[in-house]
$ cat coords.txt   # compact mmCIF, C-alpha atoms
# COMPACT_ATOMS: atom_id res chain seq x y z
CA MET N 1 0.00 0.00 0.00
CA ALA N 2 1.37 3.39 -1.03
CA LYS N 3 1.88 5.96 1.67
CA VAL N 4 1.39 9.67 1.15
CA LEU N 5 3.64 11.75 3.37
CA VAL N 6 3.48 15.54 3.63
CA VAL N 7 6.52 17.50 4.77
CA THR N 8 5.15 20.67 6.27
CA SER N 9 5.90 23.39 8.85
CA GLY N 10 3.90 26.58 8.48
CA LYS N 11 7.03 28.67 8.76
CA GLY N 12 9.36 29.07 5.80
CA GLY N 13 13.06 28.35 5.78
CA VAL N 14 13.04 25.65 8.44
CA GLY N 15 14.15 22.84 6.12
CA LYS N 16 11.09 21.34 4.42
CA THR N 17 12.70 21.01 1.00
CA THR N 18 16.02 19.80 2.41
CA SER N 19 14.16 17.22 4.49
CA THR N 20 11.93 16.12 1.59
CA ALA N 21 15.00 15.48 -0.59
CA ALA N 22 17.01 13.81 2.19
CA LEU N 23 14.19 11.53 3.38
CA GLY N 24 13.14 10.71 -0.18
CA ALA N 25 16.67 9.66 -1.11
CA ALA N 26 17.12 7.72 2.14
CA LEU N 27 13.87 5.78 1.61
CA ALA N 28 14.81 5.11 -2.02
CA GLN N 29 18.21 3.81 -0.94
CA SER N 30 16.49 1.32 1.31
CA GLY N 31 14.76 -0.10 -1.77
CA GLU N 32 11.43 1.74 -1.66
CA ASN N 33 9.97 3.23 -4.81
CA VAL N 34 9.76 6.95 -4.02
CA VAL N 35 8.46 10.10 -5.66
CA VAL N 36 9.03 13.56 -4.22
CA VAL N 37 6.41 16.13 -5.28
CA ASP N 38 6.95 19.89 -5.15
CA PHE N 39 3.71 21.68 -4.20
CA ASP N 40 5.32 25.11 -4.03
CA VAL N 41 3.85 26.47 -7.26
CA GLY N 42 5.58 29.68 -8.33
CA LEU N 43 8.52 29.15 -5.98
CA ARG N 44 9.73 25.70 -6.83
CA ASN N 45 13.03 24.66 -5.33
CA LEU N 46 12.94 20.91 -4.85
CA ASP N 47 14.28 20.48 -8.42
CA LEU N 48 17.29 22.62 -7.50
CA VAL N 49 18.02 20.83 -4.23
CA MET N 50 17.74 17.50 -6.06
CA GLY N 51 20.02 18.73 -8.87
CA ALA N 52 17.39 18.20 -11.56
CA GLU N 53 16.66 21.83 -12.44
CA ARG N 54 17.89 21.48 -16.02
CA ARG N 55 15.82 18.38 -16.69
CA VAL N 56 12.40 19.91 -15.98
CA VAL N 57 10.19 19.83 -19.06
CA PHE N 58 6.66 19.38 -17.73
CA ASP N 59 5.42 20.01 -14.22
CA LEU N 60 2.63 19.30 -11.74
CA ILE N 61 0.37 22.01 -13.22
CA ASN N 62 0.79 20.62 -16.74
CA VAL N 63 -0.34 17.24 -15.45
CA VAL N 64 -3.20 18.69 -13.40
CA GLN N 65 -4.46 20.59 -16.45
CA GLY N 66 -4.06 17.64 -18.78
CA ASP N 67 -1.32 19.24 -20.93
CA ALA N 68 1.12 16.43 -20.15
CA LYS N 69 0.93 12.86 -18.98
CA LEU N 70 2.22 12.06 -15.52
CA SER N 71 4.96 9.88 -17.01
CA GLN N 72 6.19 12.83 -19.09
CA ALA N 73 6.50 15.10 -16.06
CA LEU N 74 8.22 12.64 -13.74
CA ILE N 75 12.00 13.03 -13.60
CA ARG N 76 13.94 9.96 -12.61
CA ASP N 77 16.95 10.60 -10.40
CA LYS N 78 20.29 9.92 -12.12
CA ARG N 79 21.90 8.51 -8.96
CA ILE N 80 19.09 6.30 -7.64
CA ASP N 81 16.81 4.48 -10.05
CA ASN N 82 13.80 4.21 -7.78
CA LEU N 83 13.67 7.91 -6.87
CA SER N 84 11.58 10.31 -8.97
CA LEU N 85 10.71 13.98 -8.82
CA LEU N 86 7.50 15.72 -9.86
CA PRO N 87 8.44 19.40 -10.08
CA ALA N 88 6.14 22.35 -9.44
CA SER N 89 5.53 25.03 -12.02
CA GLN N 90 7.73 28.10 -11.73
CA THR N 91 5.74 30.38 -14.03
CA ARG N 92 2.12 29.56 -13.40
CA ASP N 93 -0.16 31.07 -10.83
CA LYS N 94 -0.67 28.96 -7.74
CA ASP N 95 -4.44 29.04 -8.34
CA ALA N 96 -3.83 26.72 -11.29
CA LEU N 97 -3.72 23.90 -8.75
CA THR N 98 -7.24 22.54 -8.30
CA ILE N 99 -8.61 20.09 -5.76
CA GLU N 100 -9.82 17.74 -8.50
CA GLY N 101 -6.51 17.92 -10.32
CA VAL N 102 -4.51 17.16 -7.18
CA ASP N 103 -6.86 14.30 -6.31
CA LYS N 104 -6.28 12.75 -9.72
CA VAL N 105 -2.50 13.15 -9.72
CA VAL N 106 -2.04 11.83 -6.19
CA GLY N 107 -4.31 8.90 -7.04
CA GLU N 108 -2.08 8.01 -10.01
CA LEU N 109 1.10 8.46 -7.96
CA ARG N 110 -0.25 6.11 -5.30
CA GLU N 111 -0.50 3.39 -7.94
CA LYS N 112 3.07 3.84 -9.18
CA PHE N 113 5.05 4.38 -5.98
CA ASP N 114 5.47 3.07 -2.42
CA TRP N 115 6.00 6.57 -1.05
CA VAL N 116 4.57 9.86 -2.30
CA ILE N 117 6.38 12.65 -0.43
CA CYS N 118 4.73 16.05 -0.78
CA ASP N 119 6.93 19.10 -0.16
CA SER N 120 4.53 21.73 1.16
CA PRO N 121 4.89 25.45 0.54
CA ALA N 122 5.23 27.64 3.62
CA GLY N 123 2.12 29.27 5.04
CA ILE N 124 -1.34 27.99 5.83
CA GLU N 125 -3.02 28.91 2.56
CA ARG N 126 -4.35 26.89 -0.33
CA GLY N 127 -1.03 25.45 -1.47
CA ALA N 128 -0.20 24.13 1.98
CA LEU N 129 -3.73 22.72 2.36
CA LEU N 130 -3.53 20.95 -1.01
CA ALA N 131 -0.12 19.50 -0.11
CA MET N 132 -1.52 17.97 3.11
CA ARG N 133 -4.92 17.00 1.70
CA HIS N 134 -4.11 13.37 0.87
CA ALA N 135 -1.57 12.76 3.61
CA ASP N 136 -1.55 9.50 5.55
CA MET N 137 1.49 10.70 7.46
CA ALA N 138 2.97 14.11 8.17
CA VAL N 139 6.47 15.21 9.02
CA VAL N 140 6.28 18.53 10.86
CA VAL N 141 9.64 20.23 10.38
CA THR N 142 10.44 22.50 13.32
CA ASN N 143 13.43 24.56 14.40
CA PRO N 144 14.05 24.89 18.14
CA GLU N 145 12.96 28.51 17.99
CA VAL N 146 9.76 30.23 19.18
CA SER N 147 8.23 31.32 15.86
CA SER N 148 8.82 27.95 14.25
CA VAL N 149 7.26 26.09 17.20
CA ARG N 150 4.22 28.37 17.17
CA ASP N 151 3.68 27.87 13.43
CA SER N 152 4.12 24.11 13.79
CA ASP N 153 1.39 24.10 16.43
CA ARG N 154 -0.89 25.82 13.96
CA ILE N 155 -0.05 23.35 11.20
CA ILE N 156 -0.70 20.40 13.54
CA GLY N 157 -4.17 21.85 14.15
CA MET N 158 -4.75 21.98 10.41
CA LEU N 159 -3.54 18.41 9.90
CA ASP N 160 -6.19 17.43 12.45
CA SER N 161 -9.00 19.34 10.72
CA LYS N 162 -8.32 20.10 7.07
CA THR N 163 -7.10 16.83 5.58
CA LEU N 164 -9.16 14.14 3.85
CA ARG N 165 -8.38 11.80 6.73
CA ALA N 166 -9.66 14.35 9.26
CA GLU N 167 -12.84 14.84 7.23
CA LYS N 168 -13.46 11.09 7.39
CA GLY N 169 -12.95 11.11 11.15
CA ASP N 170 -9.61 9.39 10.75
CA ARG N 171 -6.30 10.92 11.74
CA VAL N 172 -3.02 11.75 10.04
CA ASP N 173 0.01 10.07 11.57
CA LYS N 174 2.06 13.11 12.67
CA HIS N 175 5.78 13.18 13.45
CA LEU N 176 8.11 15.90 14.61
CA LEU N 177 11.40 16.44 12.80
CA LEU N 178 13.55 18.85 14.77
CA THR N 179 16.03 20.51 12.41
CA ARG N 180 19.00 22.85 12.83
CA TYR N 181 19.42 21.54 16.34
CA ASP N 182 22.56 22.47 18.25
CA PRO N 183 22.95 20.07 21.20
CA MET N 184 25.70 22.20 22.75
CA ARG N 185 23.57 25.34 22.82
CA ALA N 186 20.58 23.35 24.08
CA ALA N 187 22.74 21.92 26.88
CA ARG N 188 23.73 25.48 27.80
CA ASN N 189 20.05 26.53 27.94
CA GLU N 190 20.53 28.85 24.98
CA MET N 191 18.18 26.88 22.76
CA LEU N 192 14.91 25.05 23.34
CA LYS N 193 15.61 21.42 24.17
CA THR N 194 14.08 18.49 22.35
CA GLU N 195 11.96 17.70 25.43
CA ASP N 196 10.65 21.28 25.52
CA VAL N 197 9.49 21.18 21.90
CA LEU N 198 8.04 17.68 22.32
CA GLU N 199 6.14 18.72 25.43
CA ILE N 200 4.72 21.82 23.76
CA LEU N 201 3.72 20.19 20.47
CA SER N 202 2.98 16.73 21.88
CA ILE N 203 3.53 14.67 18.74
CA PRO N 204 6.04 11.80 18.52
CA LEU N 205 9.64 12.52 17.56
CA LEU N 206 10.84 11.30 14.17
CA GLY N 207 14.37 12.60 14.44
CA ILE N 208 16.76 15.38 15.35
CA ILE N 209 18.83 16.84 12.54
CA PRO N 210 21.88 18.68 13.85
CA GLU N 211 22.84 22.07 12.45
CA SER N 212 25.56 21.31 9.93
CA GLU N 213 27.60 22.79 7.10
CA GLU N 214 26.90 19.63 5.15
CA VAL N 215 23.32 20.70 4.42
CA LEU N 216 24.41 23.84 2.57
CA ARG N 217 27.23 21.97 0.85
CA ALA N 218 24.77 19.36 -0.46
CA SER N 219 22.31 21.96 -1.72
CA ASN N 220 25.13 23.91 -3.40
CA LEU N 221 25.96 20.76 -5.32
CA GLY N 222 22.35 19.78 -6.03
CA ALA N 223 22.23 16.52 -4.10
CA PRO N 224 20.15 15.37 -1.13
CA VAL N 225 22.45 15.38 1.91
CA THR N 226 21.83 11.64 2.33
CA LEU N 227 23.39 11.05 -1.11
CA ASN N 228 26.05 13.72 -1.08
CA ASN N 229 27.70 12.67 2.15
CA PRO N 230 25.96 9.64 3.67
CA ILE N 231 28.29 9.45 6.67
CA SER N 232 27.83 13.10 7.68
CA ALA N 233 25.93 13.85 10.87
CA PRO N 234 22.74 15.23 9.23
CA ALA N 235 22.70 12.37 6.72
CA ARG N 236 22.90 9.76 9.50
CA ALA N 237 20.07 11.53 11.32
CA TYR N 238 17.96 11.49 8.15
CA PHE N 239 18.71 7.80 7.54
CA ASP N 240 17.52 7.01 11.07
CA ALA N 241 14.38 9.12 10.53
CA ALA N 242 13.67 7.25 7.28
CA LYS N 243 13.98 3.93 9.12
CA ARG N 244 11.46 5.14 11.70
CA LEU N 245 9.11 6.16 8.90
CA ARG N 246 9.26 2.55 7.70
CA GLY N 247 8.27 1.43 11.17
CA GLU N 248 11.67 0.36 12.47
CA LYS N 249 12.50 1.07 16.09
CA VAL N 250 15.66 3.15 16.15
CA GLU N 251 16.90 4.95 19.23
CA VAL N 252 16.95 8.74 18.77
CA VAL N 253 20.43 10.22 19.03
CA VAL N 254 21.90 13.46 17.75
CA PRO N 255 24.81 12.43 15.57
CA LEU N 256 27.81 14.74 15.69
CA GLU N 257 30.55 15.29 13.14
CA ARG N 258 33.30 15.31 15.71
CA LYS N 259 34.14 12.13 17.49
CA GLY N 260 35.84 11.81 20.85
CA LEU N 261 34.78 13.28 24.14
CA ILE N 262 32.21 15.71 22.72
CA GLY N 263 30.73 13.05 20.47
CA ARG N 264 30.43 10.70 23.38
CA LEU N 265 28.83 13.36 25.54
CA PHE N 266 26.28 14.57 23.03
CA GLY N 267 25.89 11.61 20.73
CA ARG N 268 24.04 9.84 23.47
CA ARG N 269 20.35 9.14 23.73
CA VAL N 270 18.22 12.27 24.13
CA ALA N 271 14.60 11.19 23.92
CA MET R 1 29.77 41.89 30.82
CA ASN R 2 29.34 40.93 34.47
CA LEU R 3 28.40 37.56 35.88
CA ILE R 4 24.68 38.29 36.15
CA SER R 5 24.27 39.31 32.54
CA LEU R 6 26.27 36.27 31.52
CA PHE R 7 23.88 34.04 33.43
CA ARG R 8 20.85 35.80 32.01
CA LYS R 9 22.06 35.42 28.48
CA ARG R 10 22.56 31.72 28.90
CA SER R 11 19.11 30.97 30.25
CA SER R 12 17.02 32.32 27.42
CA ALA R 13 15.62 28.91 26.47
CA PRO R 14 13.44 28.51 29.61
CA VAL R 15 11.96 31.94 28.84
CA ALA R 16 11.18 30.82 25.29
CA ARG R 17 9.56 27.68 26.61
CA GLU R 18 7.37 29.55 29.08
CA ARG R 19 6.31 32.18 26.54
CA LEU R 20 5.33 29.47 24.09
CA GLN R 21 3.33 27.53 26.65
CA VAL R 22 1.32 30.61 27.64
CA LEU R 23 0.82 31.78 24.07
CA LEU R 24 -0.18 28.42 22.62
CA SER R 25 -2.64 27.55 25.36
CA HIS R 26 -4.39 30.83 24.50
CA GLU R 27 -4.15 30.44 20.72
CA ARG R 28 -5.43 26.87 20.76
CA SER R 29 -8.58 27.91 22.61
CA VAL R 30 -9.17 30.92 20.37
CA ILE R 31 -8.72 28.94 17.16
CA GLY R 32 -11.02 26.23 18.49
CA LYS R 33 -13.64 28.84 19.32
CA SER R 34 -13.48 30.58 15.97
CA ASP R 35 -14.54 27.28 14.47
CA LEU R 36 -17.45 27.26 16.91
CA ILE R 37 -18.51 30.70 15.76
CA ALA R 38 -18.37 29.69 12.12
CA THR R 39 -20.51 26.63 12.88
CA LEU R 40 -23.03 28.66 14.86
CA GLN R 41 -23.24 31.22 12.09
CA GLU R 42 -23.95 28.54 9.48
CA GLU R 43 -26.57 26.76 11.57
CA ILE R 44 -28.38 29.90 12.71
CA LEU R 45 -28.44 31.08 9.12
CA ALA R 46 -29.91 27.75 8.02
CA VAL R 47 -32.69 27.92 10.63
CA ILE R 48 -33.66 31.47 9.74
CA ALA R 49 -33.48 30.76 6.01
CA LYS R 50 -36.19 28.12 6.46
CA HIS R 51 -38.66 30.87 7.31
CA VAL R 52 -37.29 34.13 5.94
CA ALA R 53 -35.03 34.93 3.03
CA VAL R 54 -31.85 36.35 4.57
CA ASP R 55 -28.45 37.35 3.28
CA ARG R 56 -25.36 35.42 4.38
CA GLU R 57 -24.03 38.71 5.66
CA ALA R 58 -27.19 39.37 7.67
CA VAL R 59 -26.20 37.09 10.54
CA GLN R 60 -23.39 38.49 12.67
CA ILE R 61 -22.04 36.58 15.62
CA LYS R 62 -19.58 37.87 18.17
CA LEU R 63 -18.10 36.22 21.19
CA ASP R 64 -16.72 38.47 23.90
CA ARG R 65 -14.65 36.42 26.25
CA GLY R 66 -14.68 37.34 29.89
CA ASP R 67 -12.89 35.70 32.80
CA LYS R 68 -16.03 34.10 34.24
CA VAL R 69 -18.74 34.69 31.67
CA SER R 70 -18.50 35.16 27.93
CA MET R 71 -21.12 37.04 25.95
CA LEU R 72 -22.45 35.57 22.74
CA GLU R 73 -24.00 38.28 20.62
CA ILE R 74 -26.18 37.29 17.68
CA ASP R 75 -27.30 40.05 15.36
CA VAL R 76 -29.75 39.08 12.62
CA GLU R 77 -30.86 41.55 10.04
CA VAL R 78 -34.21 40.45 8.57
CA PRO R 79 -35.66 42.02 5.43
CA SER R 80 -38.88 43.95 5.90
CA LEU R 81 -41.48 41.22 6.44
CA ILE R 82 -44.49 43.32 5.57
CA SER R 83 -43.42 44.33 2.10
CA LYS R 84 -42.32 40.81 1.09
CA LYS R 85 -45.45 38.90 2.03
CA PRO R 86 -49.07 39.49 1.06
CA PRO R 87 -51.01 41.10 3.97
CA GLU R 88 -53.56 38.27 4.38
CA GLN R 89 -50.81 35.71 4.84
CA LEU R 90 -49.26 37.80 7.58
CA ARG R 91 -52.58 38.09 9.34
CA ALA R 92 -53.16 34.37 9.05
CA SER R 93 -49.84 33.53 10.63
CA ALA R 94 -50.26 36.05 13.42
$ encode --input "coords.txt" --output "structure tokens"
Amino acid sequence: MAKVLVVTSGKGGVGKTTSTAALGAALAQSGENVVVVDFDVGLRNLDLVMGAERRVVFDLINVVQGDAKLSQALIRDKRIDNLSLLPASQTRDKDALTIEGVDKVVGELREKFDWVICDSPAGIERGALLAMRHADMAVVVTNPEVSSVRDSDRIIGMLDSKTLRAEKGDRVDKHLLLTRYDPMRAARNEMLKTEDVLEILSIPLLGIIPESEEVLRASNLGAPVTLNNPISAPARAYFDAAKRLRGEKVEVVVPLERKGLIGRLFGRRVA
Amino acid sequence: MNLISLFRKRSSAPVARERLQVLLSHERSVIGKSDLIATLQEEILAVIAKHVAVDREAVQIKLDRGDKVSMLEIDVEVPSLISKKPPEQLRASA
């Protein structure tokens, strides 16, 4: 059975696109057939982070409006065979995305793939609602920072009321992905701790992605961080998160780049 | 920078946590209630529309929250009944 996963946050710039690419690649590497879908019409970026920006011919809007077949718009990743991208339109108006069109496309994607990962635009408007509409699962990307936590709380409320599952009286399986986390600053009480964010938002923890230079390096090069440097700290955290998405029990740790005393102190179990 | 300011600077996270807890407990209740108002508005409108033709805009609902009691204010603007219906019908229903 295909799973539809929305990567959402409310706030912009917290790491939705980075996380979509990294989780998509990690799931694909474990043998799952994965498509990552960019719902950010007008401000597409998933193609760039995936390094496929020059291969975009047709996009989600073309498929929704019947100007292209789904198979024509899907871009297969050059590094992993079972990873595909459905880009958003960069030129069209975001109103070009219709409920019926999205229903049809997601329905077709469900038949072709094991995982349909929807990269939501920021905000709580139409685009974000359409991205979460079909979700079975949600990854709520949150930075340990007040405005991000507040917006995540809002998005969690919408996942509980505005999705197809919610309308049917069912619920979306929600998970917290804490990104840009600095365990040293959290230990010094300069940053919200994982427990604080978990207590406030009260949804289960999917993973903690440490703040790292590797994320920018990977996006500079156009590769998901899990492909670009699989042994880096953020990549290991994303691999663990992907395992948890598949239902495996993996202890949550914050991987660190540096080994030795600091690694031993902060690489330990945190939640 | 003296010792006190150093300490203060380092403990900003507990402040963030407390601010968020206070803010979100308020926002969650407000957002829940605004749904209630929308529902009330729809249902009141539906009941009135069974008997009188009213505009969607004609039903205004406000909720003033107090510490102990909140005030629900329902303001319905009904079109002039006399001009819309024939006089004998009005008399019959009276």
$ interface_residues --input "coords.txt" --of "chain R" --to "chain N" --cutoff "10 Å" --atoms "all atoms listed in the file" --output "ChimeraX atom specification"
/R:8-21,23-25,27-28,31-32
$ closest_residue --input "coords.txt" --among "R:Ala38, R:Val76, R:Val30, R:Val69" --to "Asp55 (chain R)" --atoms "all atoms listed in the file"
R:Val76
$ closest_residue --input "coords.txt" --among "N:Leu159, N:Leu130, N:Leu23, N:Leu109" --to "Pro230 (chain N)" --atoms "only C-alpha atoms"
N:Leu23
$ closest_residue --input "coords.txt" --among "R:Val78, R:Val22, R:Leu72, R:Ile61" --to "Ile48 (chain R)" --atoms "only C-alpha atoms"
R:Val78
$ closest_residue --input "coords.txt" --among "N:Val105, N:Ile99, N:Met50, N:Met184" --to "Leu256 (chain N)" --atoms "all atoms listed in the file"
N:Met184
$ residues_around --input "coords.txt" --residues "region 226-228 of chain N" --least-positions-apart "3" --cutoff "12 Å" --atoms "all atoms listed in the file" --output "number ranges by chain"
N: 18-30, 49-51, 77-80, 83, 209, 214-223, 231-242
$ atom_distance --input "coords.txt" --atom1 "CA of Gly10 (chain N)" --atom2 "CA of Met158 (chain N)"
10.0 Å
$ atom_distance --input "coords.txt" --atom1 "CA of Glu100 (chain N)" --atom2 "CA of Ser84 (chain N)"
22.7 Å
$ closest_residue --input "coords.txt" --among "N:Glu257, N:Glu251, N:Asp160, N:Asp40" --to "Asp93 (chain N)" --atoms "only C-alpha atoms"
N:Asp40
$ atom_distance --input "coords.txt" --atom1 "CA of Asp95 (chain N)" --atom2 "CA of Asp173 (chain N)"
27.9 Å
$ closest_residue --input "coords.txt" --among "N:Leu129, N:Met137, N:Val34, N:Leu85" --to "Leu48 (chain N)" --atoms "all atoms listed in the file"
N:Leu85
